[in-house]
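Let me begin by presenting the structure, written as C-alpha cells, before commenting on it.
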Amino acid sequence: MSLLKYIGRFAPSPSGPLHLGSLVCALASYLDAKKSNGVWLLRIEDLDPPREDARYISTIQRQLDMHGLHWDGEIFHQSNRLAHYQDILEELKQKNLAYDCECHRKRIKEIGGIYDGRCRRKTKFQGDISTRLLIAKNDETKILVTDRVFGDIHQDIYECVGDFILKRRDGFFSYQLASVVDDEQQQITHVVRGNDLLPVTPRQKYLQKCLNYRSLKYAHIPLIVNQNNQKLSKQRQAPAVRNEDANKTIWYALKILNQKPPSYLFGASLNQILSWAVSNWDMSSVPRQNQSVLNGQSLKNFH
Ligand code: GLU
C-alpha cells in the first residue's frame, strides 16, 4: 500500500508529437496531481511498434518540459515490461480467466463485434493466436465507474464487451492489459485522461478485480475536435504544439478546461501561469463536452 495519497500519471504513446488535445490531457493530469501535492509520473506506452516511432519519445519529453510540465522520477517505458505482461497472462490462464483464440477480426465483426466464445474450450490451434480475458455471465460483470467529470457510468461488460483481447495475434500486448498492470505497478491512485477512454474504463476495472488490484479514481476530460467533429489525434497528424508558444498554449488549454484563466496572464511567464493554475485548479469546472479548435485562428486571438 502506497503512503502517498496521490500518484498520477501521463501515459502518451509515441505515435506522434503532442498536439493540443494531448497537451490539454497532460495539463489536467499535472494540475490535478500538483493541486493535491501529489506525484506526477510519465509513462511511455510504447507497446505497438508498427504505429510508433522512438524519435517521438524525446519529442514528447521536450514538449512537456518546454510547457513547464515536469514529471517526477524516472520515465517508465512499457517496452521494458513485456516479460512481466507475459507472466500476468500466464497467471490469468492458470486461473482459467484467460484463453487462447484463433478467431479473426473479420469473423467477430460479422457476428456483431462481441466475441461469442468460440475458442473458449479449444486446445488445438492453427496459425497465430490471440489471448482473451474470459467474461462469464454473473453479477461481477456489472461495473460502475464513478468518474469525477461524468459521474456514475454503468456498463455490463458481459453484454457490451464480451471476452476481450489481452494479447493480439501479432504478438503485441493490448493497451488494456499493459495499462492496468502498470497502473498497479506504479501505484497510481488517480487517472486523468481523454474521454475517448471512458468506454473502456469498466473493462479495466474488471481486469483489476480479476488480478486483485487496488481500484483507482478516474477523471475523463474533453477531447479537442476539429471542425468535422473528429478527435485531434496523432494518427490524424494533428499539428504538434509549438514549444515557442508554450505560455500561450498553456493559457489556452486552461480556457479549454474551463478554468477561466485571467486575461492579464495571457502572455505571462509559464511559471506565473502554472502557479496560478495549480492554486486555482478545479476539476468540477471541467466540461463534459468535447471542445473544438477554432480553426485558422492564431493563439493571439484567444484572450
Ligand atoms: N496511451 C494512451 C494514449 O496515448 C493513454 C492511456 C491512458 O491514459 O490510460 O491515448
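Identifiers in this document derive from the order of the C-alpha cells: chains are assigned A, B, ..., residues are numbered from 1 separately in each chain, and ligands are numbered from 1 in order of occurrence.
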
At a cut-off of 8 Å, can you tabulate as JSON lines every residue of range 154-211 of chain A near range 122-129 of chain A together with its closest atom pair and the distance in Å to one decimal, using only C-alpha atoms and ordering rows by chain then number?
```
{"residue": "A:Arg168", "atom": "CA", "partner": "A:Ile129", "partner_atom": "CA", "distance": 7.4}
{"residue": "A:Arg169", "atom": "CA", "partner": "A:Ile129", "partner_atom": "CA", "distance": 4.9}
{"residue": "A:Asp170", "atom": "CA", "partner": "A:Asp128", "partner_atom": "CA", "distance": 7.3}
```

For the contact check between chain A and ligand 1, emit one row per residue of chain A within 9 Å, containing the shortest atom pair and the distance in Å rounded to one decimal, counting only C-alpha atoms and all ligand atoms, chain then rising number order, as a tab-separated table.
```
residue	atom	partner	partner_atom_place_in_ligand_line	distance
A:Arg9	CA	ligand 1	8 (O)	7.6
A:Phe10	CA	ligand 1	8 (O)	6.2
A:Ala11	CA	ligand 1	8 (O)	4.9
A:Pro12	CA	ligand 1	4 (O)	3.8
A:Ser13	CA	ligand 1	4 (O)	4.3
A:Pro14	CA	ligand 1	4 (O)	7.6
A:Ser15	CA	ligand 1	4 (O)	8.1
A:Ser22	CA	ligand 1	4 (O)	7.7
A:Cys25	CA	ligand 1	8 (O)	8.7
A:Arg43	CA	ligand 1	1 (N)	8.5
A:Ile44	CA	ligand 1	1 (N)	7.5
A:Glu45	CA	ligand 1	1 (N)	5.3
A:Asp46	CA	ligand 1	1 (N)	8.2
A:Tyr175	CA	ligand 1	1 (N)	7.5
A:Gln176	CA	ligand 1	9 (O)	8.2
A:Ser179	CA	ligand 1	9 (O)	6.0
A:Val180	CA	ligand 1	9 (O)	8.3
A:Asp183	CA	ligand 1	9 (O)	8.6
A:Val191	CA	ligand 1	8 (O)	7.0
A:Val192	CA	ligand 1	8 (O)	7.0
A:Arg193	CA	ligand 1	8 (O)	5.0
A:Gly194	CA	ligand 1	10 (O)	7.2
A:Asp196	CA	ligand 1	10 (O)	8.3
A:Leu197	CA	ligand 1	9 (O)	7.1
A:Thr201	CA	ligand 1	9 (O)	8.8
A:Ser233	CA	ligand 1	10 (O)	8.7
A:Lys234	CA	ligand 1	4 (O)	8.8
```

Range 140-289 of chain A: which residues are alpha helix (DSSP H) by DSSP, as a PDB file with N, CA, C and O atoms, in the first residue's frame?
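Ended up saving to selection_15.pdb:
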```pdb
ATOM      1  N   ILE A 157     -20.229  -5.467 -18.774  1.00  0.00           N
ATOM      2  CA  ILE A 157     -19.256  -5.816 -19.815  1.00  0.00           C
ATOM      3  C   ILE A 157     -19.536  -7.193 -20.412  1.00  0.00           C
ATOM      4  O   ILE A 157     -19.004  -7.514 -21.458  1.00  0.00           O
ATOM      5  N   TYR A 158     -20.380  -7.980 -19.775  1.00  0.00           N
ATOM      6  CA  TYR A 158     -20.797  -9.236 -20.421  1.00  0.00           C
ATOM      7  C   TYR A 158     -21.654  -8.910 -21.650  1.00  0.00           C
ATOM      8  O   TYR A 158     -21.475  -9.456 -22.725  1.00  0.00           O
ATOM      9  N   GLU A 159     -22.571  -7.939 -21.465  1.00  0.00           N
ATOM     10  CA  GLU A 159     -23.472  -7.552 -22.562  1.00  0.00           C
ATOM     11  C   GLU A 159     -22.766  -6.707 -23.617  1.00  0.00           C
ATOM     12  O   GLU A 159     -22.993  -6.865 -24.797  1.00  0.00           O
ATOM     13  N   CYS A 160     -21.940  -5.774 -23.158  1.00  0.00           N
ATOM     14  CA  CYS A 160     -21.443  -4.726 -24.079  1.00  0.00           C
ATOM     15  C   CYS A 160     -20.063  -5.006 -24.648  1.00  0.00           C
ATOM     16  O   CYS A 160     -19.681  -4.374 -25.631  1.00  0.00           O
ATOM     17  N   TYR A 175      -3.356  -2.685 -25.016  1.00  0.00           N
ATOM     18  CA  TYR A 175      -3.301  -1.497 -24.140  1.00  0.00           C
ATOM     19  C   TYR A 175      -3.999  -1.782 -22.813  1.00  0.00           C
ATOM     20  O   TYR A 175      -3.509  -1.393 -21.753  1.00  0.00           O
ATOM     21  N   GLN A 176      -5.143  -2.491 -22.863  1.00  0.00           N
ATOM     22  CA  GLN A 176      -5.915  -2.724 -21.619  1.00  0.00           C
ATOM     23  C   GLN A 176      -5.067  -3.454 -20.582  1.00  0.00           C
ATOM     24  O   GLN A 176      -5.026  -3.074 -19.421  1.00  0.00           O
ATOM     25  N   LEU A 177      -4.411  -4.505 -21.019  1.00  0.00           N
ATOM     26  CA  LEU A 177      -3.617  -5.293 -20.081  1.00  0.00           C
ATOM     27  C   LEU A 177      -2.460  -4.460 -19.534  1.00  0.00           C
ATOM     28  O   LEU A 177      -2.277  -4.334 -18.314  1.00  0.00           O
ATOM     29  N   ALA A 178      -1.699  -3.859 -20.443  1.00  0.00           N
ATOM     30  CA  ALA A 178      -0.496  -3.148 -20.011  1.00  0.00           C
ATOM     31  C   ALA A 178      -0.849  -1.972 -19.106  1.00  0.00           C
ATOM     32  O   ALA A 178      -0.192  -1.732 -18.076  1.00  0.00           O
ATOM     33  N   SER A 179      -1.914  -1.275 -19.456  1.00  0.00           N
ATOM     34  CA  SER A 179      -2.264  -0.091 -18.691  1.00  0.00           C
ATOM     35  C   SER A 179      -2.702  -0.468 -17.258  1.00  0.00           C
ATOM     36  O   SER A 179      -2.281   0.156 -16.276  1.00  0.00           O
ATOM     37  N   VAL A 180      -3.508  -1.525 -17.152  1.00  0.00           N
ATOM     38  CA  VAL A 180      -3.969  -1.958 -15.827  1.00  0.00           C
ATOM     39  C   VAL A 180      -2.782  -2.458 -14.982  1.00  0.00           C
ATOM     40  O   VAL A 180      -2.627  -2.103 -13.807  1.00  0.00           O
ATOM     41  N   VAL A 181      -1.927  -3.258 -15.602  1.00  0.00           N
ATOM     42  CA  VAL A 181      -0.789  -3.829 -14.871  1.00  0.00           C
ATOM     43  C   VAL A 181       0.158  -2.700 -14.419  1.00  0.00           C
ATOM     44  O   VAL A 181       0.640  -2.691 -13.278  1.00  0.00           O
ATOM     45  N   ASP A 182       0.373  -1.733 -15.277  1.00  0.00           N
ATOM     46  CA  ASP A 182       1.317  -0.670 -14.919  1.00  0.00           C
ATOM     47  C   ASP A 182       0.725   0.353 -13.951  1.00  0.00           C
ATOM     48  O   ASP A 182       1.447   0.907 -13.118  1.00  0.00           O
ATOM     49  N   ASP A 183      -0.572   0.595 -14.033  1.00  0.00           N
ATOM     50  CA  ASP A 183      -1.171   1.480 -13.026  1.00  0.00           C
ATOM     51  C   ASP A 183      -0.980   0.867 -11.637  1.00  0.00           C
ATOM     52  O   ASP A 183      -0.725   1.576 -10.664  1.00  0.00           O
ATOM     53  N   GLU A 184      -1.057  -0.448 -11.565  1.00  0.00           N
ATOM     54  CA  GLU A 184      -0.830  -1.119 -10.282  1.00  0.00           C
ATOM     55  C   GLU A 184       0.657  -1.042  -9.907  1.00  0.00           C
ATOM     56  O   GLU A 184       1.018  -0.681  -8.789  1.00  0.00           O
ATOM     57  N   GLN A 185       1.508  -1.378 -10.867  1.00  0.00           N
ATOM     58  CA  GLN A 185       2.942  -1.402 -10.608  1.00  0.00           C
ATOM     59  C   GLN A 185       3.441  -0.026 -10.116  1.00  0.00           C
ATOM     60  O   GLN A 185       4.242   0.081  -9.215  1.00  0.00           O
ATOM     61  N   THR A 201     -13.048   2.010 -19.578  1.00  0.00           N
ATOM     62  CA  THR A 201     -12.699   2.004 -18.152  1.00  0.00           C
ATOM     63  C   THR A 201     -13.382   0.854 -17.404  1.00  0.00           C
ATOM     64  O   THR A 201     -12.747   0.209 -16.561  1.00  0.00           O
ATOM     65  N   PRO A 202     -14.662   0.534 -17.697  1.00  0.00           N
ATOM     66  CA  PRO A 202     -15.256  -0.608 -16.984  1.00  0.00           C
ATOM     67  C   PRO A 202     -14.474  -1.905 -17.195  1.00  0.00           C
ATOM     68  O   PRO A 202     -14.268  -2.667 -16.249  1.00  0.00           O
ATOM     69  N   ARG A 203     -13.982  -2.153 -18.413  1.00  0.00           N
ATOM     70  CA  ARG A 203     -13.240  -3.411 -18.598  1.00  0.00           C
ATOM     71  C   ARG A 203     -11.903  -3.355 -17.860  1.00  0.00           C
ATOM     72  O   ARG A 203     -11.409  -4.361 -17.372  1.00  0.00           O
ATOM     73  N   GLN A 204     -11.333  -2.164 -17.738  1.00  0.00           N
ATOM     74  CA  GLN A 204     -10.087  -2.062 -16.964  1.00  0.00           C
ATOM     75  C   GLN A 204     -10.361  -2.330 -15.483  1.00  0.00           C
ATOM     76  O   GLN A 204      -9.572  -2.977 -14.796  1.00  0.00           O
ATOM     77  N   LYS A 205     -11.501  -1.822 -15.002  1.00  0.00           N
ATOM     78  CA  LYS A 205     -11.855  -2.074 -13.595  1.00  0.00           C
ATOM     79  C   LYS A 205     -12.082  -3.570 -13.365  1.00  0.00           C
ATOM     80  O   LYS A 205     -11.718  -4.123 -12.329  1.00  0.00           O
ATOM     81  N   TYR A 206     -12.697  -4.224 -14.342  1.00  0.00           N
ATOM     82  CA  TYR A 206     -12.951  -5.656 -14.216  1.00  0.00           C
ATOM     83  C   TYR A 206     -11.631  -6.426 -14.153  1.00  0.00           C
ATOM     84  O   TYR A 206     -11.455  -7.325 -13.330  1.00  0.00           O
ATOM     85  N   LEU A 207     -10.704  -6.034 -15.022  1.00  0.00           N
ATOM     86  CA  LEU A 207      -9.395  -6.694 -15.036  1.00  0.00           C
ATOM     87  C   LEU A 207      -8.663  -6.465 -13.701  1.00  0.00           C
ATOM     88  O   LEU A 207      -8.012  -7.371 -13.168  1.00  0.00           O
ATOM     89  N   GLN A 208      -8.800  -5.256 -13.163  1.00  0.00           N
ATOM     90  CA  GLN A 208      -8.203  -5.004 -11.839  1.00  0.00           C
ATOM     91  C   GLN A 208      -8.761  -5.973 -10.806  1.00  0.00           C
ATOM     92  O   GLN A 208      -8.034  -6.515  -9.974  1.00  0.00           O
ATOM     93  N   LYS A 209     -10.068  -6.211 -10.875  1.00  0.00           N
ATOM     94  CA  LYS A 209     -10.689  -7.147  -9.913  1.00  0.00           C
ATOM     95  C   LYS A 209     -10.143  -8.552 -10.108  1.00  0.00           C
ATOM     96  O   LYS A 209      -9.835  -9.240  -9.144  1.00  0.00           O
ATOM     97  N   CYS A 210     -10.015  -8.972 -11.379  1.00  0.00           N
ATOM     98  CA  CYS A 210      -9.507 -10.330 -11.659  1.00  0.00           C
ATOM     99  C   CYS A 210      -8.110 -10.510 -11.083  1.00  0.00           C
ATOM    100  O   CYS A 210      -7.715 -11.611 -10.716  1.00  0.00           O
ATOM    101  N   ALA A 246       4.641  28.091 -25.893  1.00  0.00           N
ATOM    102  CA  ALA A 246       4.222  27.300 -24.726  1.00  0.00           C
ATOM    103  C   ALA A 246       3.323  28.079 -23.763  1.00  0.00           C
ATOM    104  O   ALA A 246       2.266  27.579 -23.356  1.00  0.00           O
ATOM    105  N   ASN A 247       3.714  29.310 -23.404  1.00  0.00           N
ATOM    106  CA  ASN A 247       2.912  30.010 -22.385  1.00  0.00           C
ATOM    107  C   ASN A 247       1.506  30.317 -22.898  1.00  0.00           C
ATOM    108  O   ASN A 247       0.520  30.203 -22.165  1.00  0.00           O
ATOM    109  N   LYS A 248       1.401  30.647 -24.181  1.00  0.00           N
ATOM    110  CA  LYS A 248       0.066  30.958 -24.735  1.00  0.00           C
ATOM    111  C   LYS A 248      -0.762  29.681 -24.855  1.00  0.00           C
ATOM    112  O   LYS A 248      -1.972  29.678 -24.592  1.00  0.00           O
ATOM    113  N   THR A 249      -0.111  28.602 -25.234  1.00  0.00           N
ATOM    114  CA  THR A 249      -0.854  27.339 -25.379  1.00  0.00           C
ATOM    115  C   THR A 249      -1.374  26.876 -24.021  1.00  0.00           C
ATOM    116  O   THR A 249      -2.506  26.385 -23.905  1.00  0.00           O
ATOM    117  N   ILE A 250      -0.543  27.014 -23.004  1.00  0.00           N
ATOM    118  CA  ILE A 250      -0.991  26.592 -21.665  1.00  0.00           C
ATOM    119  C   ILE A 250      -2.185  27.442 -21.222  1.00  0.00           C
ATOM    120  O   ILE A 250      -3.177  26.941 -20.686  1.00  0.00           O
ATOM    121  N   TRP A 251      -2.108  28.730 -21.500  1.00  0.00           N
ATOM    122  CA  TRP A 251      -3.226  29.617 -21.136  1.00  0.00           C
ATOM    123  C   TRP A 251      -4.498  29.172 -21.856  1.00  0.00           C
ATOM    124  O   TRP A 251      -5.572  29.046 -21.272  1.00  0.00           O
ATOM    125  N   TYR A 252      -4.338  28.890 -23.145  1.00  0.00           N
ATOM    126  CA  TYR A 252      -5.488  28.479 -23.956  1.00  0.00           C
ATOM    127  C   TYR A 252      -6.018  27.123 -23.478  1.00  0.00           C
ATOM    128  O   TYR A 252      -7.236  26.900 -23.397  1.00  0.00           O
ATOM    129  N   ALA A 253      -5.100  26.230 -23.127  1.00  0.00           N
ATOM    130  CA  ALA A 253      -5.515  24.907 -22.628  1.00  0.00           C
ATOM    131  C   ALA A 253      -6.327  25.077 -21.328  1.00  0.00           C
ATOM    132  O   ALA A 253      -7.301  24.349 -21.093  1.00  0.00           O
ATOM    133  N   LEU A 254      -5.945  26.046 -20.515  1.00  0.00           N
ATOM    134  CA  LEU A 254      -6.708  26.292 -19.275  1.00  0.00           C
ATOM    135  C   LEU A 254      -8.116  26.775 -19.602  1.00  0.00           C
ATOM    136  O   LEU A 254      -9.093  26.427 -18.939  1.00  0.00           O
ATOM    137  N   LYS A 255      -8.195  27.567 -20.648  1.00  0.00           N
ATOM    138  CA  LYS A 255      -9.508  28.065 -21.083  1.00  0.00           C
ATOM    139  C   LYS A 255     -10.371  26.888 -21.569  1.00  0.00           C
ATOM    140  O   LYS A 255     -11.547  26.788 -21.216  1.00  0.00           O
ATOM    141  N   ILE A 256      -9.766  26.007 -22.333  1.00  0.00           N
ATOM    142  CA  ILE A 256     -10.488  24.823 -22.815  1.00  0.00           C
ATOM    143  C   ILE A 256     -11.006  24.003 -21.632  1.00  0.00           C
ATOM    144  O   ILE A 256     -12.107  23.456 -21.661  1.00  0.00           O
ATOM    145  N   LEU A 270       5.511  31.171 -18.122  1.00  0.00           N
ATOM    146  CA  LEU A 270       4.943  29.863 -17.824  1.00  0.00           C
ATOM    147  C   LEU A 270       4.803  29.644 -16.329  1.00  0.00           C
ATOM    148  O   LEU A 270       3.793  29.129 -15.859  1.00  0.00           O
ATOM    149  N   ASN A 271       5.859  30.064 -15.588  1.00  0.00           N
ATOM    150  CA  ASN A 271       5.825  29.883 -14.132  1.00  0.00           C
ATOM    151  C   ASN A 271       4.630  30.574 -13.510  1.00  0.00           C
ATOM    152  O   ASN A 271       3.937  30.003 -12.674  1.00  0.00           O
ATOM    153  N   GLN A 272       4.393  31.799 -13.960  1.00  0.00           N
ATOM    154  CA  GLN A 272       3.261  32.562 -13.395  1.00  0.00           C
ATOM    155  C   GLN A 272       1.933  31.873 -13.732  1.00  0.00           C
ATOM    156  O   GLN A 272       1.068  31.728 -12.868  1.00  0.00           O
ATOM    157  N   ILE A 273       1.818  31.461 -14.990  1.00  0.00           N
ATOM    158  CA  ILE A 273       0.543  30.857 -15.413  1.00  0.00           C
ATOM    159  C   ILE A 273       0.315  29.541 -14.672  1.00  0.00           C
ATOM    160  O   ILE A 273      -0.765  29.276 -14.135  1.00  0.00           O
ATOM    161  N   LEU A 274       1.377  28.730 -14.599  1.00  0.00           N
ATOM    162  CA  LEU A 274       1.200  27.408 -13.971  1.00  0.00           C
ATOM    163  C   LEU A 274       0.978  27.526 -12.477  1.00  0.00           C
ATOM    164  O   LEU A 274       0.219  26.752 -11.890  1.00  0.00           O
ATOM    165  N   SER A 275       1.619  28.511 -11.838  1.00  0.00           N
ATOM    166  CA  SER A 275       1.387  28.568 -10.388  1.00  0.00           C
ATOM    167  C   SER A 275      -0.032  29.067 -10.110  1.00  0.00           C
ATOM    168  O   SER A 275      -0.700  28.581  -9.191  1.00  0.00           O
ATOM    169  N   TRP A 276      -0.523  29.985 -10.955  1.00  0.00           N
ATOM    170  CA  TRP A 276      -1.945  30.379 -10.838  1.00  0.00           C
ATOM    171  C   TRP A 276      -2.832  29.138 -11.060  1.00  0.00           C
ATOM    172  O   TRP A 276      -3.788  28.894 -10.325  1.00  0.00           O
ATOM    173  N   ALA A 277      -2.466  28.357 -12.085  1.00  0.00           N
ATOM    174  CA  ALA A 277      -3.318  27.225 -12.482  1.00  0.00           C
ATOM    175  C   ALA A 277      -3.366  26.154 -11.394  1.00  0.00           C
ATOM    176  O   ALA A 277      -4.423  25.565 -11.142  1.00  0.00           O
ATOM    177  N   VAL A 278      -2.234  25.906 -10.747  1.00  0.00           N
ATOM    178  CA  VAL A 278      -2.236  24.893  -9.672  1.00  0.00           C
ATOM    179  C   VAL A 278      -3.136  25.383  -8.534  1.00  0.00           C
ATOM    180  O   VAL A 278      -4.011  24.654  -8.050  1.00  0.00           O
ATOM    181  N   SER A 279      -2.947  26.647  -8.124  1.00  0.00           N
ATOM    182  CA  SER A 279      -3.747  27.139  -6.980  1.00  0.00           C
ATOM    183  C   SER A 279      -5.234  27.142  -7.296  1.00  0.00           C
ATOM    184  O   SER A 279      -6.059  26.967  -6.407  1.00  0.00           O
ATOM    185  N   ASN A 280      -5.568  27.395  -8.567  1.00  0.00           N
ATOM    186  CA  ASN A 280      -6.990  27.559  -8.893  1.00  0.00           C
ATOM    187  C   ASN A 280      -7.619  26.330  -9.552  1.00  0.00           C
ATOM    188  O   ASN A 280      -8.761  26.400 -10.001  1.00  0.00           O
TER     189      ASN A 280
END
```

Please provide as a list in words all residues within 6 Å of Asp156 in chain A, with the sequence filter that same-chain residues fewer than 5 positions apart are discarded (counting only C-alpha atoms).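 Neighbouring residues, sequence-local ones excluded: Thr141, Lys142 and Ile143 of chain A.
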
Near-Phe164 in chain A list (9 Å; only C-alpha atoms; drop same-chain fewer than 3 positions) as number ranges by chain: A: 114-115, 131-135, 161, 203
